[in-house]
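Shown below: query.cif, with mmCIF, C-alpha atoms.
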data_target
loop_
_atom_site.label_atom_id
_atom_site.label_comp_id
_atom_site.auth_asym_id
_atom_site.auth_seq_id
_atom_site.Cartn_x
_atom_site.Cartn_y
_atom_site.Cartn_z
CA MET A 1084 0.00 0.00 0.00
CA GLY A 1085 1.56 3.20 -1.14
CA THR A 1086 1.83 6.41 0.71
CA GLN A 1087 1.79 9.66 -1.20
CA LYS A 1088 1.40 13.28 -0.25
CA GLY A 1089 -2.18 14.37 0.16
CA ALA A 1090 -5.18 12.62 1.58
CA ALA A 1091 -5.74 9.00 0.66
CA LYS A 1092 -8.84 8.27 -1.35
CA LEU A 1093 -8.72 4.51 -0.87
CA PHE A 1094 -8.73 2.67 2.43
CA ALA A 1095 -7.74 -0.94 3.08
CA HIS A 1096 -9.17 -2.88 5.98
CA PRO A 1097 -9.05 -6.55 6.96
CA ILE A 1098 -12.32 -8.43 7.38
CA GLU A 1099 -12.35 -11.75 9.21
CA THR A 1100 -14.57 -14.44 7.67
CA PRO A 1101 -15.09 -18.15 8.38
CA VAL A 1102 -12.93 -18.93 5.33
CA GLY A 1103 -10.07 -16.60 6.22
CA THR A 1104 -9.08 -12.98 6.44
CA MET A 1105 -10.02 -10.81 3.49
CA VAL A 1106 -8.72 -7.37 2.56
CA ALA A 1107 -11.28 -4.81 1.43
CA VAL A 1108 -10.24 -1.65 -0.40
CA CYS A 1109 -12.95 0.98 -0.51
CA ASP A 1110 -13.37 4.66 -1.13
CA ALA A 1111 -16.18 6.73 0.31
CA THR A 1112 -18.73 5.36 -2.14
CA HIS A 1113 -17.53 2.05 -3.64
CA LEU A 1114 -15.72 -1.23 -3.09
CA HIS A 1115 -12.70 -1.58 -5.37
CA LEU A 1116 -11.14 -4.83 -4.18
CA LEU A 1117 -12.01 -7.74 -1.90
CA GLU A 1118 -9.42 -10.48 -1.79
CA PHE A 1119 -8.23 -13.16 0.58
CA ALA A 1120 -5.24 -11.87 2.51
CA ASP A 1121 -3.17 -14.95 1.70
CA ARG A 1122 -3.72 -14.72 -2.07
CA LYS A 1123 -0.28 -14.44 -3.68
CA GLU A 1124 -1.47 -11.84 -6.22
CA LEU A 1125 -2.77 -9.45 -3.53
CA PRO A 1126 0.37 -7.27 -3.22
CA LYS A 1127 0.49 -6.84 -7.01
CA GLU A 1128 -3.22 -5.98 -7.13
CA LEU A 1129 -2.80 -3.40 -4.35
CA ARG A 1130 0.17 -1.78 -6.11
CA LYS A 1131 -1.72 -1.61 -9.40
CA LEU A 1132 -4.82 -0.15 -7.74
CA GLY A 1133 -2.75 2.39 -5.83
CA ALA A 1134 -0.85 3.38 -8.97
CA SER A 1135 -4.04 4.02 -10.91
CA LEU A 1136 -6.16 5.66 -8.20
CA GLY A 1137 -3.75 7.11 -5.67
CA SER A 1138 -2.49 6.10 -2.29
CA ILE A 1139 -4.11 3.42 -0.16
CA ALA A 1140 -4.20 4.05 3.56
CA THR A 1141 -5.26 1.77 6.36
CA GLY A 1142 -8.79 2.52 7.45
CA GLN A 1143 -12.48 2.06 6.85
CA THR A 1144 -15.33 3.85 5.16
CA GLN A 1145 -19.05 3.35 5.50
CA ILE A 1146 -18.78 1.02 2.50
CA THR A 1147 -16.30 -1.13 4.45
CA ARG A 1148 -18.66 -1.30 7.44
CA ASN A 1149 -21.61 -2.20 5.20
CA LEU A 1150 -19.49 -4.87 3.50
CA HIS A 1151 -18.52 -6.31 6.88
CA ASP A 1152 -22.19 -6.52 7.88
CA GLN A 1153 -23.27 -8.06 4.58
CA LEU A 1154 -20.47 -10.65 4.61
CA GLY A 1155 -21.51 -11.58 8.14
CA ALA A 1156 -25.10 -12.08 6.98
CA TYR A 1157 -23.90 -14.08 3.94
CA PHE A 1158 -21.90 -16.46 6.13
CA ALA A 1159 -24.88 -16.73 8.50
CA THR A 1160 -26.91 -17.81 5.42
CA SER A 1161 -29.32 -14.90 5.81
CA LEU A 1162 -28.14 -12.94 2.73
CA SER A 1163 -27.99 -14.16 -0.85
CA ASN A 1164 -27.65 -10.85 -2.73
CA PHE A 1165 -25.11 -8.16 -1.91
CA SER A 1166 -25.93 -4.49 -2.33
CA ILE A 1167 -22.43 -3.05 -2.06
CA PRO A 1168 -21.61 -0.59 -4.87
CA MET A 1169 -18.51 -1.76 -6.73
CA VAL A 1170 -16.06 -0.39 -9.26
CA LEU A 1171 -14.82 -3.03 -11.68
CA HIS A 1172 -11.22 -2.54 -12.78
CA GLY A 1173 -10.48 -4.46 -15.96
CA THR A 1174 -10.84 -4.64 -19.70
CA ASP A 1175 -14.24 -4.51 -21.34
CA PHE A 1176 -14.09 -8.28 -21.81
CA THR A 1177 -13.22 -9.06 -18.19
CA LYS A 1178 -15.94 -6.69 -17.03
CA SER A 1179 -18.43 -8.51 -19.27
CA VAL A 1180 -17.44 -11.83 -17.65
CA TRP A 1181 -17.79 -10.36 -14.15
CA THR A 1182 -21.16 -8.85 -15.03
CA ALA A 1183 -22.31 -12.28 -16.24
CA LEU A 1184 -21.08 -13.79 -12.95
CA LEU A 1185 -23.20 -11.29 -11.04
CA LYS A 1186 -26.26 -12.74 -12.79
CA LEU A 1187 -25.59 -16.30 -11.58
CA PRO A 1188 -28.27 -17.19 -9.06
CA PHE A 1189 -27.23 -17.87 -5.49
CA GLY A 1190 -26.65 -21.59 -4.90
CA THR A 1191 -26.09 -22.44 -8.57
CA THR A 1192 -23.01 -23.19 -10.64
CA THR A 1193 -22.02 -22.95 -14.28
CA SER A 1194 -19.06 -24.09 -16.34
CA TYR A 1195 -16.49 -21.94 -18.11
CA GLY A 1196 -17.84 -23.20 -21.43
CA ASP A 1197 -21.43 -22.40 -20.55
CA LEU A 1198 -20.38 -18.96 -19.39
CA SER A 1199 -18.63 -18.32 -22.71
CA ILE A 1200 -21.81 -19.39 -24.53
CA THR A 1201 -23.84 -17.02 -22.35
CA LEU A 1202 -21.49 -14.24 -23.43
CA GLY A 1203 -22.10 -15.10 -27.08
CA ASN A 1204 -18.58 -16.38 -27.70
CA PRO A 1205 -18.54 -20.19 -27.34
CA THR A 1206 -14.87 -20.44 -28.34
CA ALA A 1207 -13.72 -18.08 -25.56
CA THR A 1208 -13.64 -20.66 -22.76
CA ARG A 1209 -9.99 -20.03 -21.87
CA ALA A 1210 -10.41 -16.26 -22.00
CA VAL A 1211 -13.46 -16.58 -19.74
CA ALA A 1212 -11.42 -18.70 -17.33
CA ARG A 1213 -8.64 -16.06 -17.27
CA ALA A 1214 -11.14 -13.26 -16.67
CA ASN A 1215 -12.77 -15.32 -13.94
CA GLY A 1216 -9.38 -15.77 -12.28
CA ALA A 1217 -8.67 -12.03 -12.53
CA ASN A 1218 -11.74 -11.16 -10.46
CA GLN A 1219 -10.68 -8.75 -7.70
CA ILE A 1220 -13.94 -8.78 -5.76
CA ALA A 1221 -14.15 -12.27 -4.32
CA ILE A 1222 -17.47 -13.66 -3.11
CA LEU A 1223 -19.53 -10.63 -4.21
CA ILE A 1224 -18.65 -11.35 -7.83
CA PRO A 1225 -19.21 -15.09 -7.48
CA CYS A 1226 -16.34 -16.56 -9.48
CA HIS A 1227 -16.49 -19.49 -7.03
CA ARG A 1228 -19.71 -20.58 -8.81
CA VAL A 1229 -17.80 -21.50 -11.99
CA ILE A 1230 -16.79 -25.15 -12.13
CA GLY A 1231 -15.33 -27.54 -14.69
CA ALA A 1232 -17.50 -28.94 -17.47
CA ASP A 1233 -17.42 -32.31 -15.70
CA GLY A 1234 -18.64 -30.77 -12.44
CA SER A 1235 -15.22 -30.76 -10.79
CA LEU A 1236 -13.98 -27.89 -8.68
CA THR A 1237 -11.26 -26.14 -10.64
CA GLY A 1238 -9.40 -22.87 -10.78
CA TYR A 1239 -10.08 -20.88 -7.64
CA ALA A 1240 -7.23 -18.54 -6.67
CA GLY A 1241 -8.48 -18.46 -3.08
CA GLY A 1242 -7.99 -22.23 -2.84
CA LEU A 1243 -10.27 -25.09 -3.75
CA TRP A 1244 -11.10 -25.69 -0.09
CA ARG A 1245 -12.60 -22.17 0.04
CA LYS A 1246 -14.50 -22.71 -3.20
CA ARG A 1247 -15.96 -25.93 -1.79
CA ALA A 1248 -16.88 -24.19 1.48
CA LEU A 1249 -18.59 -21.28 -0.32
CA LEU A 1250 -20.57 -23.60 -2.59
CA GLU A 1251 -21.63 -25.75 0.37
CA LEU A 1252 -22.69 -22.63 2.28
CA GLU A 1253 -24.81 -21.46 -0.67
CA ARG A 1254 -26.49 -24.86 -0.97
CA GLN A 1255 -27.74 -24.83 2.61
CA PRO A 1256 -31.50 -24.46 2.99
#

Could you render the structure as structure tokens?
Amino acid sequence: MGTQKGAAKLFAHPIETPVGTMVAVCDATHLHLLEFADRKELPKELRKLGASLGSIATGQTQITRNLHDQLGAYFATSLSNFSIPMVLHGTDFTKSVWTALLKLPFGTTTSYGDLSITLGNPTATRAVARANGANQIAILIPCHRVIGADGSLTGYAGGLWRKRALLELERQP
């Protein structure tokens, strides 16, 4: 997290969850990043975000507090749709994949191939998988709901054990 002269516009804060500590980066009005603290790409993502938007200081905003409350409700199985405003940082294609992920119903899964078909590009399975893996807002943008064509759990940067736990949580009555 960089420090620059002037007031920080972004604030990073840890949020404890049943599947590990997450780092939320918010400004006064939006969530910009929500990642697991032990994800190896996190330092790179923080540097890139700081370089494009300005310094990141330690702290919270009202968005962070709302996110904390909504994640708590999600893990208590009393929330299935988040209402946190987000800024998506990526290419038009990756944003289209993330937007499609946001439309996946709670408790359901899809495959990378089916997602590429949904996007109107059935040959883009690998590109969809890369965009899925580049998601910087874990859980809220439910990349954990994308599985292999054979139903296997594949490709979750937060760890397959977390993916399994999130899917099991969402399947509870």

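Near Gly1216 in chain A, within a cut-off of 9 Å and counting all atoms listed in the file, sit the residues A:Val1211, A:Cys1226, A:Gly1238, A:Tyr1239, A:Ala1240, with same-chain residues fewer than 5 positions away left out.
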
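Between CA of Leu1125 in chain A and CA of Phe1165 in chain A lies a distance of 22.4 Å.
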
task: For the structure shown, which residues end up in the PyMOL selection byres ((chain A and resi 1201) around 12)? Put them as a ChimeraX atom specification, please?
output: /A:1179-1180,1182-1184,1186-1187,1193-1200,1202-1208,1211

Contact check, range 1191-1245 of chain A to range 1105-1119 of chain A, at most 6 Å, counting all atoms listed in the file, closest pairs as JSON lines:
{"residue": "A:Gln1219", "atom": "CA", "partner": "A:Leu1116", "partner_atom": "CA", "distance": 5.3}
{"residue": "A:Ile1220", "atom": "CA", "partner": "A:Leu1117", "partner_atom": "CA", "distance": 4.4}
{"residue": "A:Ala1221", "atom": "CA", "partner": "A:Leu1117", "partner_atom": "CA", "distance": 5.6}

Would you mind exporting the chosen residues as a compact mmCIF listing (two decimals), keeping the file's coordinate frame, restricted to C-alpha atoms?
# COMPACT_ATOMS: atom_id res chain seq x y z
CA GLN A 1219 -10.68 -8.75 -7.70
CA ILE A 1220 -13.94 -8.78 -5.76
CA ALA A 1221 -14.15 -12.27 -4.32

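CA of Leu1162 in chain A is found 17.8 Å from CA of Lys1246 in chain A.
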
task: Up to 12 Å from (-17.9, 5.0, 4.4) in the file's coordinates: name the residues, counting only C-alpha atoms, as a PyMOL selection string.
output: chain A and resi 1092-1096+1108-1114+1142-1151+1167-1168

query: Using the chain letters and numbers from the file, which residues does the PyMOL selection byres ((chain A and resi 1102) around 9) grab, as a PyMOL selection string?
result: chain A and resi 1099-1101+1103-1105+1119+1244-1245+1248-1249

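Ranking A:Leu1185, A:Ala1217, A:Leu1132, A:Ala1212 by their shortest atom-to-atom distance to Gly1231 in chain A, with all atoms listed in the file included, puts A:Ala1212 first.
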
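With all atoms listed in the file as the atoms that count, the minimum distance from Arg1213 in chain A to the choices A:Trp1181, A:Ala1159, A:Arg1228, A:Gly1234 is reached by A:Trp1181.
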
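CA of Ser1135 in chain A lies 9.9 Å from CA of His1172 in chain A.
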
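For the set A:Leu1154, A:Ala1120, A:Ala1140, A:Ile1098, the residue with the smallest atom-to-atom gap to Ile1222 in chain A is A:Leu1154, counting only C-alpha atoms.
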
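Closest to Leu1252 in chain A among A:Ala1134, A:Ala1156, A:Val1229, A:Ile1139 is A:Ala1156, based on all atoms listed in the file.
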
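Considering the residues A:His1227, A:Arg1209, A:Ser1161, A:Pro1256 and counting all atoms listed in the file, Leu1243 in chain A has its shortest atom-to-atom contact with A:His1227.
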